[in-house]
$ cat start_23.tsv   # TSV, C-alpha atoms
chain	number	residue	atom	x	y	z
M	263	MET	CA	27.04	48.79	-17.24
M	264	ASN	CA	28.62	49.30	-13.83
M	265	LYS	CA	28.35	45.98	-11.98
M	266	LEU	CA	26.97	47.71	-8.90
M	267	SER	CA	24.05	49.16	-10.87
M	268	SER	CA	22.84	45.62	-11.64
M	269	ILE	CA	22.53	44.61	-7.97
M	270	ARG	CA	18.90	44.12	-6.95
M	271	HIS	CA	17.83	44.03	-3.34
M	272	ASP	CA	15.27	41.36	-2.44
M	273	LYS	CA	12.17	43.17	-1.17
M	274	THR	CA	9.86	40.14	-1.12
M	275	GLN	CA	10.58	39.38	2.54
M	276	ILE	CA	8.74	42.56	3.61
M	277	ASP	CA	5.12	41.86	4.52
M	278	THR	CA	3.71	45.19	3.34
M	279	VAL	CA	0.16	44.37	4.50
M	280	ARG	CA	1.40	43.67	8.00
M	281	MET	CA	3.52	46.84	7.93
M	282	ARG	CA	0.60	49.03	6.80
M	283	GLN	CA	-1.75	47.58	9.39
M	284	TYR	CA	0.79	48.16	12.17
M	285	ARG	CA	1.27	51.79	11.18
M	286	LEU	CA	-2.45	52.56	10.92
M	287	GLY	CA	-2.89	50.83	14.28
M	288	ARG	CA	-0.21	53.06	15.79
M	289	VAL	CA	-2.03	56.19	14.62
M	290	ARG	CA	-5.31	54.99	16.10
M	291	GLU	CA	-3.60	53.96	19.33
M	292	GLN	CA	-2.26	57.49	19.74
M	293	LEU	CA	-5.68	59.00	18.92
M	294	ARG	CA	-7.29	56.91	21.64
M	295	LYS	CA	-4.51	57.82	24.08
M	296	GLN	CA	-5.20	61.53	23.55
M	297	GLY	CA	-8.98	61.16	23.55
M	298	TYR	CA	-9.44	62.37	19.96
M	299	GLY	CA	-12.15	61.10	17.64
M	300	GLY	CA	-10.13	61.22	14.43
M	301	ILE	CA	-7.41	62.90	12.40
M	302	VAL	CA	-7.03	64.61	9.02
M	303	ILE	CA	-3.58	64.16	7.50
M	304	PHE	CA	-2.25	66.39	4.71
M	305	ASP	CA	1.50	65.85	5.00
M	306	SER	CA	2.40	63.43	2.21
M	307	VAL	CA	4.92	61.50	4.31
M	308	ASN	CA	2.49	61.20	7.24
M	309	LEU	CA	-0.22	60.10	4.84
M	310	ARG	CA	2.01	57.39	3.44
M	311	TYR	CA	2.87	56.25	6.96
M	312	ALA	CA	-0.77	55.97	8.01
M	313	THR	CA	-2.13	54.29	4.87
M	314	GLY	CA	0.77	53.04	2.71
M	315	SER	CA	-0.66	55.09	-0.16
M	316	ARG	CA	1.49	57.54	-2.13
M	317	ASN	CA	0.91	59.88	-5.03
M	318	MET	CA	3.22	62.68	-6.19
M	319	GLN	CA	4.64	63.23	-2.70
M	320	VAL	CA	6.87	66.18	-3.58
M	321	PHE	CA	4.18	67.83	-5.74
M	322	MET	CA	1.71	67.60	-2.85
M	323	LEU	CA	4.02	69.57	-0.57
M	324	ARG	CA	2.96	72.71	-2.44
M	325	ASN	CA	-0.36	71.58	-3.86
M	326	PRO	CA	-2.63	70.41	-1.02
M	327	GLY	CA	-4.71	68.13	-3.22
M	328	ARG	CA	-4.46	64.95	-1.18
M	329	TYR	CA	-5.50	64.19	2.39
M	330	VAL	CA	-6.98	61.39	4.47
M	331	TYR	CA	-9.54	61.23	7.26
M	332	ILE	CA	-8.93	58.52	9.86
M	333	PRO	CA	-11.42	58.06	12.70
M	334	THR	CA	-10.33	56.31	15.87
M	335	GLU	CA	-12.80	53.59	14.89
M	336	GLY	CA	-14.47	53.07	11.53
M	337	PRO	CA	-13.85	53.51	7.80
M	338	VAL	CA	-10.86	55.48	6.47
M	339	THR	CA	-11.55	57.97	3.68
M	340	LEU	CA	-8.80	59.08	1.31
M	341	PHE	CA	-9.33	62.26	-0.68
M	342	ASP	CA	-7.12	61.97	-3.75
M	343	PHE	CA	-6.14	64.11	-6.70
M	344	PRO	CA	-8.64	63.98	-9.62
M	345	ASN	CA	-8.65	60.66	-11.52
M	346	CYS	CA	-6.17	59.05	-9.14
M	347	GLU	CA	-8.52	56.81	-7.19
M	348	HIS	CA	-7.05	53.70	-8.89
M	349	LEU	CA	-3.73	54.24	-7.08
M	350	SER	CA	-5.19	52.97	-3.80
M	351	GLU	CA	-6.87	49.87	-5.17
M	352	GLY	CA	-6.09	46.84	-3.04
M	353	LEU	CA	-4.96	48.80	0.02
M	354	GLU	CA	-6.76	47.35	3.04
M	355	THR	CA	-6.06	50.54	5.01
M	356	ILE	CA	-8.40	52.62	2.81
M	357	ASP	CA	-12.13	51.97	2.78
M	358	GLU	CA	-13.29	54.81	0.52
M	359	VAL	CA	-11.73	57.19	-2.01
M	360	ARG	CA	-13.25	60.57	-2.83
M	361	GLU	CA	-12.01	63.38	-5.04
M	362	ALA	CA	-10.06	65.96	-3.07
M	363	ILE	CA	-10.84	69.66	-2.93
M	364	THR	CA	-7.48	71.34	-3.52
M	365	LEU	CA	-7.25	74.24	-1.10
M	366	SER	CA	-4.88	76.46	-3.05
M	367	TYR	CA	-5.40	79.67	-4.97
M	368	VAL	CA	-3.74	78.24	-8.07
M	369	ALA	CA	-6.34	75.43	-8.16
M	370	SER	CA	-9.35	77.49	-7.07
M	371	GLY	CA	-8.77	81.11	-8.06
M	372	GLU	CA	-11.69	83.29	-6.98
M	373	ASN	CA	-13.51	80.15	-5.78
M	374	LEU	CA	-11.03	79.51	-2.97
M	375	TYR	CA	-13.33	80.58	-0.12
M	376	ASP	CA	-16.29	78.65	-1.57
M	377	ASN	CA	-14.13	75.55	-1.94
M	378	ALA	CA	-12.83	75.93	1.61
M	379	ARG	CA	-16.40	76.07	2.94
M	380	LYS	CA	-17.25	72.90	0.98
M	381	TRP	CA	-14.12	71.21	2.31
M	382	ALA	CA	-14.88	72.15	5.90
M	383	LYS	CA	-18.51	71.02	5.61
M	384	GLU	CA	-17.48	67.62	4.24
M	385	ILE	CA	-15.01	67.12	7.09
M	386	GLU	CA	-17.62	68.18	9.65
M	387	GLU	CA	-20.05	65.61	8.26
M	388	LEU	CA	-17.44	62.86	8.62
M	389	VAL	CA	-16.77	63.90	12.22
M	390	LYS	CA	-20.48	63.72	13.06
M	391	GLU	CA	-20.95	60.43	11.22
M	392	ARG	CA	-17.89	58.50	12.45
M	393	GLN	CA	-16.63	59.93	15.74
M	394	GLY	CA	-19.52	58.90	17.98
M	395	GLY	CA	-20.15	62.36	19.37
M	396	ASN	CA	-16.46	63.10	19.95
M	397	LYS	CA	-15.88	66.49	18.32
M	398	LYS	CA	-12.09	66.52	18.78
M	399	LEU	CA	-10.41	66.33	15.37
M	400	ALA	CA	-6.63	66.34	15.04
M	401	ILE	CA	-5.03	67.84	11.92
M	402	ASP	CA	-1.31	67.49	11.21
M	403	TYR	CA	-1.41	70.65	9.11
M	404	SER	CA	-3.81	72.30	6.71
M	405	PRO	CA	-3.92	75.29	4.38
M	406	SER	CA	-4.94	78.23	6.55
M	407	ILE	CA	-8.15	78.84	4.63
M	408	GLY	CA	-9.37	75.34	5.54
M	409	LEU	CA	-8.77	75.87	9.25
M	410	VAL	CA	-10.51	79.25	9.12
M	411	GLU	CA	-13.67	77.70	7.71
M	412	LEU	CA	-13.54	74.58	9.88
M	413	SER	CA	-13.30	76.74	13.01
M	414	LYS	CA	-16.73	78.16	12.20
M	415	LEU	CA	-18.36	74.73	12.40
M	416	ASP	CA	-19.18	72.28	15.18
M	417	VAL	CA	-15.68	70.72	15.29
M	418	GLU	CA	-12.97	71.09	17.94
M	419	VAL	CA	-9.70	71.24	16.00
M	420	VAL	CA	-6.49	70.17	17.78
M	421	ASP	CA	-2.92	69.90	16.51
M	422	GLY	CA	-2.16	66.41	15.21
M	423	GLN	CA	1.62	66.52	14.97
M	424	GLU	CA	2.14	64.87	18.35
M	425	ILE	CA	-0.15	61.99	17.33
M	426	ILE	CA	1.79	61.24	14.17
M	427	GLU	CA	5.29	61.76	15.55
M	428	HIS	CA	4.73	59.47	18.53
M	429	ALA	CA	3.09	56.87	16.29
M	430	ARG	CA	6.04	56.90	13.89
M	431	SER	CA	8.70	56.76	16.61
M	432	ILE	CA	8.34	53.03	17.46
M	433	LYS	CA	9.14	50.73	14.53
M	434	SER	CA	7.71	47.29	13.80
M	435	ASP	CA	9.90	44.37	12.72
M	436	GLN	CA	8.77	44.87	9.12
M	437	GLU	CA	9.67	48.56	9.21
M	438	ILE	CA	13.12	47.68	10.56
M	439	GLU	CA	13.72	45.24	7.72
M	440	ALA	CA	12.54	47.83	5.19
M	441	MET	CA	14.90	50.40	6.70
M	442	LYS	CA	17.80	47.96	6.34
M	443	ILE	CA	17.03	47.64	2.62
M	444	SER	CA	17.07	51.43	2.31
M	445	VAL	CA	20.44	51.59	4.09
M	446	ARG	CA	21.92	48.87	1.86
M	447	THR	CA	20.73	50.88	-1.15
M	448	ALA	CA	22.39	54.04	0.14
M	449	GLU	CA	25.62	52.15	0.84
M	450	GLN	CA	25.61	50.84	-2.70
M	451	GLY	CA	25.35	54.42	-3.93
M	452	MET	CA	28.12	55.50	-1.55
M	453	ILE	CA	30.42	52.80	-2.94
M	454	ARG	CA	29.80	54.16	-6.41
M	455	MET	CA	30.53	57.67	-5.16
M	456	GLN	CA	33.78	56.47	-3.63
M	457	GLN	CA	34.78	54.78	-6.88
M	458	ALA	CA	33.98	57.91	-8.91
M	459	LEU	CA	35.71	60.36	-6.57
M	460	GLU	CA	38.82	61.75	-8.25
M	461	PRO	CA	40.16	65.25	-8.83
M	462	GLY	CA	38.16	67.06	-11.52
M	463	ILE	CA	34.69	65.66	-10.79
M	464	THR	CA	32.11	68.21	-9.62
M	465	GLU	CA	30.09	67.97	-6.45
M	466	ASN	CA	26.87	67.56	-8.44
M	467	GLU	CA	28.33	64.81	-10.59
M	468	LEU	CA	29.54	62.88	-7.57
M	469	TRP	CA	26.22	63.32	-5.75
M	470	SER	CA	24.28	61.99	-8.77
M	471	TYR	CA	25.56	58.45	-8.14
M	472	LEU	CA	23.53	58.29	-4.92
M	473	HIS	CA	20.37	59.44	-6.74
M	474	GLN	CA	20.75	57.03	-9.64
M	475	THR	CA	21.33	54.06	-7.37
M	476	ASN	CA	18.33	54.95	-5.22
M	477	ILE	CA	15.94	55.39	-8.14
M	478	ALA	CA	17.13	52.16	-9.79
M	479	GLN	CA	16.25	50.30	-6.57
M	480	GLY	CA	12.74	51.77	-6.34
M	481	GLY	CA	13.58	54.55	-3.91
M	482	ASP	CA	11.89	57.94	-3.93
M	483	TYR	CA	14.17	60.97	-3.64
M	484	VAL	CA	16.97	62.65	-1.72
M	485	GLU	CA	15.57	65.18	0.71
M	486	THR	CA	18.46	67.66	0.88
M	487	ARG	CA	21.47	68.77	-1.20
M	488	LEU	CA	24.20	68.16	1.36
M	489	LEU	CA	27.43	67.27	-0.41
M	490	ASN	CA	30.31	69.74	-0.19
M	491	SER	CA	34.06	69.76	-0.80
M	492	GLY	CA	37.07	71.72	0.34
M	493	HIS	CA	36.28	75.16	1.75
M	494	ARG	CA	32.55	74.52	1.19
M	495	THR	CA	32.55	71.89	3.97
M	496	ASN	CA	32.72	74.73	6.54
M	497	PRO	CA	30.24	75.85	7.71
M	498	TRP	CA	27.85	72.94	7.21
M	499	PHE	CA	24.51	73.15	5.34
M	500	GLN	CA	25.96	74.56	2.12
M	501	GLU	CA	24.20	72.97	-0.84
M	502	CYS	CA	25.76	70.77	-3.52
M	503	SER	CA	27.14	72.77	-6.46
M	504	ASP	CA	29.13	72.72	-9.69
M	505	LYS	CA	32.36	73.24	-7.76
M	506	VAL	CA	35.19	71.03	-9.03
M	507	ILE	CA	36.63	68.74	-6.36
M	508	ASN	CA	40.42	69.02	-6.09
M	509	GLU	CA	43.26	66.77	-4.97
M	510	GLY	CA	43.66	66.76	-1.19
M	511	GLU	CA	40.19	68.10	-0.34
M	512	LEU	CA	37.69	66.68	2.11
M	513	VAL	CA	34.28	65.75	0.66
M	514	ALA	CA	31.47	65.65	3.24
M	515	PHE	CA	27.91	64.49	2.63
M	516	ASP	CA	24.68	63.46	4.34
M	517	THR	CA	22.58	60.87	2.49
M	518	ASP	CA	19.15	62.18	3.62
M	519	MET	CA	17.73	59.61	1.20
M	520	ASN	CA	14.16	58.34	1.00
M	521	GLY	CA	14.87	54.88	-0.31
M	522	PRO	CA	12.80	51.75	-1.06
M	523	PHE	CA	9.44	51.62	0.76
M	524	GLY	CA	9.94	55.35	1.42
M	525	TYR	CA	12.23	54.73	4.38
M	526	PHE	CA	14.84	57.33	5.20
M	527	THR	CA	18.55	56.56	5.28
M	528	ASP	CA	20.36	59.23	7.27
M	529	ILE	CA	24.06	58.50	7.50
M	530	SER	CA	27.01	60.80	6.81
M	531	ARG	CA	30.60	60.32	5.77
M	532	THR	CA	33.54	62.51	4.85
M	533	PHE	CA	35.80	61.22	2.06
M	534	TYR	CA	39.33	62.28	1.15
M	535	CYS	CA	39.99	63.04	-2.52
M	536	GLY	CA	43.20	61.86	-4.15
M	537	ASP	CA	46.34	59.88	-3.45
M	538	SER	CA	48.22	62.48	-1.43
M	539	GLU	CA	48.51	62.37	2.34
M	540	PRO	CA	45.91	64.30	4.40
M	541	THR	CA	47.13	67.20	6.49
M	542	ASP	CA	47.41	66.97	10.26
M	543	GLU	CA	44.53	69.42	10.54
M	544	GLN	CA	42.27	67.26	8.36
M	545	LYS	CA	43.10	64.25	10.52
M	546	ARG	CA	42.43	66.22	13.72
M	547	LEU	CA	38.99	67.30	12.53
M	548	TYR	CA	38.10	63.81	11.34
M	549	GLN	CA	39.30	62.03	14.47
M	550	THR	CA	37.44	64.50	16.67
M	551	ALA	CA	34.17	63.85	14.81
M	552	TYR	CA	34.81	60.11	14.95
M	553	GLU	CA	35.36	60.27	18.71
M	554	GLN	CA	32.08	62.16	19.13
M	555	ILE	CA	29.86	59.68	17.33
M	556	GLN	CA	31.58	56.59	18.77
M	557	THR	CA	31.25	57.97	22.30
M	558	ASN	CA	27.60	58.83	21.81
M	559	ILE	CA	26.81	55.47	20.19
M	560	ASP	CA	28.34	53.62	23.14
M	561	LEU	CA	26.28	55.76	25.53
M	562	LEU	CA	22.92	55.11	23.86
M	563	LYS	CA	20.57	52.66	25.57
M	564	PRO	CA	16.84	52.25	26.25
M	565	GLY	CA	15.35	53.83	29.36
M	566	MET	CA	17.51	56.95	29.26
M	567	SER	CA	15.73	60.27	29.20
M	568	PHE	CA	16.51	62.69	26.40
M	569	ARG	CA	17.94	65.08	28.98
M	570	GLU	CA	20.15	62.40	30.55
M	571	TYR	CA	21.50	61.43	27.12
M	572	ALA	CA	22.21	65.07	26.28
M	573	GLU	CA	23.97	65.68	29.58
M	574	LYS	CA	26.12	62.51	29.38
M	575	SER	CA	26.97	62.87	25.71
M	576	TRP	CA	30.44	63.74	24.40
M	577	LYS	CA	31.50	67.24	25.40
M	578	ILE	CA	32.20	69.24	22.28
M	579	PRO	CA	35.29	71.46	22.58
M	580	GLU	CA	34.58	75.17	22.79
M	581	GLU	CA	36.43	75.68	19.49
M	582	PHE	CA	33.74	73.74	17.59
M	583	PHE	CA	30.64	74.66	19.58
M	584	PRO	CA	29.51	77.66	17.45
M	585	ASN	CA	29.34	75.47	14.31
M	586	ARG	CA	27.87	72.40	16.05
M	587	TYR	CA	25.15	70.33	14.45
M	588	PHE	CA	21.75	71.30	15.88
M	589	THR	CA	21.12	67.87	17.45
M	590	VAL	CA	23.23	65.25	19.17
M	591	ALA	CA	20.78	62.63	17.86
M	592	HIS	CA	17.35	62.52	16.22
M	593	GLY	CA	14.69	60.03	15.22
M	594	THR	CA	14.66	58.49	11.74
M	595	GLY	CA	11.85	56.67	9.92
M	596	LEU	CA	10.11	57.84	6.76
M	597	SER	CA	12.05	61.08	7.31
M	598	GLY	CA	13.93	62.78	10.10
M	599	GLU	CA	11.43	62.66	12.96
M	600	TYR	CA	10.76	62.67	16.72
M	601	PRO	CA	12.71	62.94	18.91
M	602	TYR	CA	15.25	65.73	18.47
M	603	ILE	CA	17.85	65.49	21.25
M	604	VAL	CA	19.86	68.71	21.48
M	605	TYR	CA	23.14	69.52	23.20
M	606	ALA	CA	23.03	69.89	26.99
M	607	GLN	CA	23.94	73.58	26.61
M	608	ASP	CA	20.86	74.09	24.41
M	609	PHE	CA	18.44	71.99	26.43
M	610	GLU	CA	16.72	74.69	28.47
M	611	GLU	CA	16.04	76.84	25.42
M	612	LYS	CA	15.41	74.25	22.69
M	613	GLY	CA	15.13	70.82	24.28
M	614	TYR	CA	12.27	68.68	25.53
M	615	ASP	CA	12.30	65.50	27.54
M	616	GLY	CA	11.11	61.97	26.86
M	617	ILE	CA	12.36	58.40	27.09
M	618	ILE	CA	14.56	56.50	24.63
M	619	GLN	CA	12.63	53.30	23.92
M	620	PRO	CA	13.35	49.96	22.22
M	621	ASN	CA	12.53	49.99	18.49
M	622	MET	CA	13.24	53.69	18.15
M	623	VAL	CA	15.69	54.41	15.33
M	624	LEU	CA	18.08	57.26	16.08
M	625	SER	CA	20.72	58.92	13.94
M	626	VAL	CA	23.73	60.07	15.98
M	627	GLU	CA	25.28	63.24	14.53
M	628	SER	CA	28.61	65.01	14.43
M	629	TYR	CA	29.81	68.09	12.62
M	630	ILE	CA	33.26	69.37	13.52
M	631	GLY	CA	34.49	72.63	12.06
M	632	SER	CA	35.81	75.85	13.59
M	633	PRO	CA	34.27	79.22	12.68
M	634	GLY	CA	36.42	80.55	9.86
M	635	GLY	CA	38.21	77.20	9.51
M	636	LYS	CA	39.32	75.89	6.13
M	637	GLU	CA	37.32	72.62	6.22
M	638	GLY	CA	34.89	70.63	8.34
M	639	VAL	CA	33.92	66.98	8.87
M	640	LYS	CA	30.40	65.46	8.92
M	641	LEU	CA	29.86	61.94	10.30
M	642	GLU	CA	26.63	60.20	11.28
M	643	GLU	CA	25.35	56.70	12.05
M	644	GLN	CA	21.80	55.30	12.05
M	645	LEU	CA	20.99	52.99	14.96
M	646	LEU	CA	18.19	50.75	16.13
M	647	VAL	CA	17.61	50.92	19.89
M	648	THR	CA	17.29	47.36	21.18
M	649	GLU	CA	16.34	45.97	24.59
M	650	ASP	CA	19.95	46.07	25.77
M	651	GLY	CA	21.74	48.59	23.55
M	652	VAL	CA	21.87	49.47	19.86
M	653	GLU	CA	22.26	47.84	16.46
M	654	ASN	CA	24.06	49.85	13.79
M	655	PHE	CA	22.22	49.66	10.46
M	656	SER	CA	25.36	50.55	8.51
M	657	ASP	CA	28.78	48.95	8.27
M	658	PHE	CA	30.08	51.41	5.71
M	659	PRO	CA	33.75	52.03	6.57
M	660	PHE	CA	35.36	55.23	7.76
M	661	GLU	CA	38.41	56.75	6.06
M	662	PRO	CA	41.57	54.90	7.18
M	663	LYS	CA	43.78	57.70	5.85
M	664	LEU	CA	42.11	60.17	8.19
M	665	LEU	CA	42.07	57.92	11.24
M	666	LYS	CA	45.77	57.07	11.41
$ encode --input "start_23.tsv" --output "structure tokens"
Amino acid sequence: MNKLSSIRHDKTQIDTVRMRQYRLGRVREQLRKQGYGGIVIFDSVNLRYATGSRNMQVFMLRNPGRYVYIPTEGPVTLFDFPNCEHLSEGLETIDEVREAITLSYVASGENLYDNARKWAKEIEELVKERQGGNKKLAIDYSPSIGLVELSKLDVEVVDGQEIIEHARSIKSDQEIEAMKISVRTAEQGMIRMQQALEPGITENELWSYLHQTNIAQGGDYVETRLLNSGHRTNPWFQECSDKVINEGELVAFDTDMNGPFGYFTDISRTFYCGDSEPTDEQKRLYQTAYEQIQTNIDLLKPGMSFREYAEKSWKIPEEFFPNRYFTVAHGTGLSGEYPYIVYAQDFEEKGYDGIIQPNMVLSVESYIGSPGGKEGVKLEEQLLVTEDGVENFSDFPFEPKLLK
């Protein structure tokens, strides 16, 4: 057995009760701030954030058979997949478990509209019973048929995405410690990738070391398929494949890993394959990306507006602008999340303002590759915003061969 695969991270220091209570409290705090009486959450990651309960997260992305109703005050009701009520036993965030009505054609067939009416009626009854006359109900998202039927009843439906994203954006001390465990897990997988990287291995084979390490440590899944080599590193967002990695090629990847406790590790590196010397062009691309993230890390501090950060951030050369990453920085928690901070040139069309606050976690991004260029470089760091600056969650090294 590989020695690294036997390493076990100590998770006992995480007070999961305290973490769950903080997160549910954040959701309710945002509900009160907006004047809403409650929220229905379908998104499986949002549901886990609000309650600490999970069940077939990826399956539920297509099969809406799990949702939770959270009033601003009062009992929380989880609607779970049939015969799964035991999964939430012992969770202090959930007061009641009912069987969910799955609002999909595959589950309901010709009964879909009848089931949607039953679903809407049950939600309306909870609103009347637990929201003290407040008819405003936030929903993060719902199958369209559910919203159609709910709109016919005595409920004022409002979008709930803002509630959840703002709740998730400020981390507790327990969340921060859990995120550090996720990052250490990803780094362990990255070390194994580095050890396995040699000419002849395929992209998929190399990428599998990250997955195996994550699963062995109790992590969940990798959210994207972003590992590319050679010509497939440019443009970015090509998915991992059976391509064989060759001597002298760059290998770029983004972890995008939901690790232990469900927390997202979002860091990127670009490796060099083989014992030969990198080309001057490979070094130029790498050093440009490195300069971008180091400059933007040094700039980051609490109290800055998103616009100010975008405007002061490293100025990407015109050569690389068309292939730029879509954000300069973005929030990270149980997934990529609020805020997205775009380039200054994109701000009027795609940006929005806000304030960088202590206990936000932001991933600072760089992709450097020219349109039509042979290769590209992806680098990224994940940072905790503190009262006076930032703390980098990762100390995984950069490539010395490409920096000299």
$ closest_residue --input "start_23.tsv" --among "M:Ala382, M:Arg569, M:Pro662, M:Ile432" --to "Lys414 (chain M)" --atoms "all atoms listed in the file"
M:Ala382
$ residues_near_point --input "start_23.tsv" --point "(-7.0, 80.3, 2.3)" --cutoff "9 Å" --atoms "only C-alpha atoms" --output "PyMOL selection string"
chain M and resi 365-367+374-375+378+405-411
$ atom_distance --input "start_23.tsv" --atom1 "CA of Gln393 (chain M)" --atom2 "CA of Gly299 (chain M)"
5.0 Å
$ closest_residue --input "start_23.tsv" --among "M:Pro601, M:Gly336, M:Gly327, M:Gly395" --to "Ile363 (chain M)" --atoms "only C-alpha atoms"
M:Gly327
$ atom_distance --input "start_23.tsv" --atom1 "CA of Phe583 (chain M)" --atom2 "CA of Tyr605 (chain M)"
9.8 Å
$ closest_residue --input "start_23.tsv" --among "M:Glu611, M:Glu465, M:Glu581, M:Glu661" --to "Gly635 (chain M)" --atoms "all atoms listed in the file"
M:Glu581
$ residues_around --input "start_23.tsv" --residues "Ala572 (chain M)" --least-positions-apart "6" --cutoff "8 Å" --atoms "all atoms listed in the file" --output "MDAnalysis selection string"
chainID M and resid 590 603:606 609
$ residues_around --input "start_23.tsv" --residues "region 436-442 of chain M" --least-positions-apart "4" --cutoff "7 Å" --atoms "all atoms listed in the file" --output "list in words"
Ile276, Asp277, Met281, Arg446, Phe523, Tyr525 and Phe655 of chain M
$ closest_residue --input "start_23.tsv" --among "M:Asn476, M:Gln423, M:Gln607, M:Gln549" --to "Val289 (chain M)" --atoms "all atoms listed in the file"
M:Gln423
$ axis_aligned_box --input "start_23.tsv" --around "region 486-489 of chain M" --padding-each-side "6 Å" --output "AutoDock Vina command-line options"
--center_x 22.9 --center_y 68.0 --center_z 0.1 --size_x 21.0 --size_y 13.5 --size_z 14.6
$ residues_around --input "start_23.tsv" --residues "Asn308 (chain M)" --least-positions-apart "4" --cutoff "9 Å" --atoms "all atoms listed in the file" --output "mmCIF file with C-alpha atoms, in the frame of the given file"
data_model
loop_
_atom_site.group_PDB
_atom_site.id
_atom_site.type_symbol
_atom_site.label_atom_id
_atom_site.label_comp_id
_atom_site.auth_asym_id
_atom_site.auth_seq_id
_atom_site.Cartn_x
_atom_site.Cartn_y
_atom_site.Cartn_z
ATOM 1 C CA ILE M 303 -3.580 64.160 7.500
ATOM 2 C CA PHE M 304 -2.250 66.390 4.710
ATOM 3 C CA ALA M 312 -0.770 55.970 8.010
ATOM 4 C CA THR M 313 -2.130 54.290 4.870
ATOM 5 C CA ASP M 402 -1.310 67.490 11.210
ATOM 6 C CA ILE M 426 1.790 61.240 14.170
ATOM 7 C CA GLU M 427 5.290 61.760 15.550
ATOM 8 C CA ARG M 430 6.040 56.900 13.890
ATOM 9 C CA LEU M 596 10.110 57.840 6.760
#
$ atom_distance --input "start_23.tsv" --atom1 "CA of Phe588 (chain M)" --atom2 "CA of Phe660 (chain M)"
22.6 Å
